[in-house]
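**Student:** Below is a structure I'd like to ask you about.
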Amino acid sequence: MKISRIEHLGIAVPSIEEALPYFENVLGLKCYAVEEVADQKVKTAFLKCGEVKLELLEPTSPDSTIQKWLDKGNHGVHHVAFCIEDGVSNALAECESKGLRLIDKAPRKGAENLNIAFLHPKSTCGILTELCEQ
């Protein structure tokens, strides 16, 4: 698998509207896109910090994965996403062959129309890992 860069950091927040003032007014970052990903039951807001994007994740349903994560008392960085140059499908096959637990068996569409897949944190040193490609 060829990783070219960190694509984004996913940050779980109860409310994008309440979180944005910190990122924009304190840190000086600018939100450049807000999008709902209906099948993942989240609303996302993207900010850029140098070459890395921050993806704020707000649940849109009580049964959203993000809402369940927040309900457990978690907050802040939810996942790290890496840009895969040689394809998410290839990366998933490689990870599975090395014994990693996959959340997604095949790529699916995510925010910003990226092909994405997740690796289970029990196989990745406790870090929910997202693989992305354009």
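Each chain in the structure tokens gets a letter, A, B, ..., in the order shown, and its residues are numbered from 1; ligands are numbered from 1 in order too.
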At a cut-off of 6 Å, using only C-alpha atoms, what residues contact Ala12 of chain A? Leave out same-chain residues fewer than 4 positions from it and give the result as a PDB file with N, CA and C atoms, in the first residue's frame.
**Tutor:**
```pdb
ATOM      1  N   LEU A  56     -14.970  17.944  10.602  1.00  0.00           N
ATOM      2  CA  LEU A  56     -15.843  17.925  11.765  1.00  0.00           C
ATOM      3  C   LEU A  56     -17.026  17.025  11.435  1.00  0.00           C
ATOM      4  N   LEU A  57     -17.364  16.140  12.345  1.00  0.00           N
ATOM      5  CA  LEU A  57     -18.422  15.148  12.136  1.00  0.00           C
ATOM      6  C   LEU A  57     -19.524  15.350  13.163  1.00  0.00           C
ATOM      7  N   HIS A  75     -14.914  12.156  22.755  1.00  0.00           N
ATOM      8  CA  HIS A  75     -15.007  13.426  22.036  1.00  0.00           C
ATOM      9  C   HIS A  75     -13.649  13.705  21.408  1.00  0.00           C
ATOM     10  N   GLY A  76     -13.626  14.594  20.450  1.00  0.00           N
ATOM     11  CA  GLY A  76     -12.354  14.956  19.822  1.00  0.00           C
ATOM     12  C   GLY A  76     -12.031  14.098  18.618  1.00  0.00           C
ATOM     13  N   HIS A  78     -11.673  11.428  16.167  1.00  0.00           N
ATOM     14  CA  HIS A  78     -12.393  10.172  15.982  1.00  0.00           C
ATOM     15  C   HIS A  78     -11.608   9.200  15.101  1.00  0.00           C
TER      16      HIS A  78
END
```
**Student:** Extract, using only C-alpha atoms, all DNA, RNA and protein residues at most 10 Å from Ser15 of chain A, discarding same-chain residues fewer than 2 positions from it, and format them as JSON, numbers by chain.
**Tutor:** {"A": [12, 13, 17, 18, 19, 20, 43, 56, 57, 58, 59, 60]}
**Student:** Between atom CA of Gly110 of chain A and atom CA of Lys41 of chain A, what distance in Å does the model show, to one decimal?
**Tutor:** 11.2 Å
**Student:** I'd like the interatomic distance between atom CA of Arg108 of chain A and atom CA of Cys31 of chain A, to a tenth of an Å.
**Tutor:** 24.5 Å
**Student:** Residues near Lys48 of chain A, anyone? I mean within 12 Å using only C-alpha atoms, not counting same-chain ones fewer than 6 positions away, as an NGL selection string.
**Tutor:** :A and (7-9 or 23-24 or 27-33 or 54-56)
**Student:** Using only N, CA and C atoms, please write the residues we just selected to a file, as a tab-separated table (two decimals), in the first residue's frame.
**Tutor:**
```tsv
chain	number	residue	atom	x	y	z
A	7	GLU	N	-4.80	12.43	4.79
A	7	GLU	CA	-5.87	13.07	4.03
A	7	GLU	C	-6.66	14.01	4.94
A	8	HIS	N	-7.05	13.51	6.10
A	8	HIS	CA	-7.75	14.36	7.07
A	8	HIS	C	-7.77	13.71	8.45
A	9	LEU	N	-8.09	14.53	9.43
A	9	LEU	CA	-8.38	14.06	10.78
A	9	LEU	C	-9.87	14.24	11.00
A	23	PHE	N	-12.67	26.81	15.78
A	23	PHE	CA	-11.75	26.57	14.67
A	23	PHE	C	-11.53	27.81	13.81
A	24	GLU	N	-12.59	28.60	13.61
A	24	GLU	CA	-12.47	29.78	12.75
A	24	GLU	C	-11.97	31.02	13.51
A	27	LEU	N	-8.56	29.59	16.06
A	27	LEU	CA	-7.44	29.01	15.32
A	27	LEU	C	-7.20	29.69	13.97
A	28	GLY	N	-8.20	30.45	13.50
A	28	GLY	CA	-8.03	31.17	12.23
A	28	GLY	C	-8.20	30.31	10.99
A	29	LEU	N	-8.78	29.12	11.13
A	29	LEU	CA	-9.04	28.26	9.98
A	29	LEU	C	-10.38	28.64	9.38
A	30	LYS	N	-10.57	28.32	8.11
A	30	LYS	CA	-11.83	28.65	7.44
A	30	LYS	C	-12.53	27.39	6.96
A	31	CYS	N	-13.80	27.31	7.24
A	31	CYS	CA	-14.62	26.21	6.75
A	31	CYS	C	-14.86	26.44	5.26
A	32	TYR	N	-14.54	25.46	4.43
A	32	TYR	CA	-14.72	25.63	2.99
A	32	TYR	C	-15.85	24.77	2.42
A	33	ALA	N	-16.37	23.84	3.22
A	33	ALA	CA	-17.47	23.00	2.72
A	33	ALA	C	-18.21	22.36	3.88
A	54	LEU	N	-9.23	19.06	8.24
A	54	LEU	CA	-9.95	18.66	9.45
A	54	LEU	C	-11.39	18.44	9.02
A	55	GLU	N	-11.95	17.32	9.39
A	55	GLU	CA	-13.34	16.99	9.07
A	55	GLU	C	-14.12	16.94	10.38
A	56	LEU	N	-14.97	17.94	10.60
A	56	LEU	CA	-15.84	17.93	11.77
A	56	LEU	C	-17.03	17.02	11.44
```
**Student:** Please give the complete set of residues from segment 8-134 of chain A that DSSP, run on the backbone, assigns to helix (DSSP H, G or I), formatted as number ranges by chain.
**Tutor:** A: 16-26, 38-40, 65-71, 88-97, 111-113, 121-123
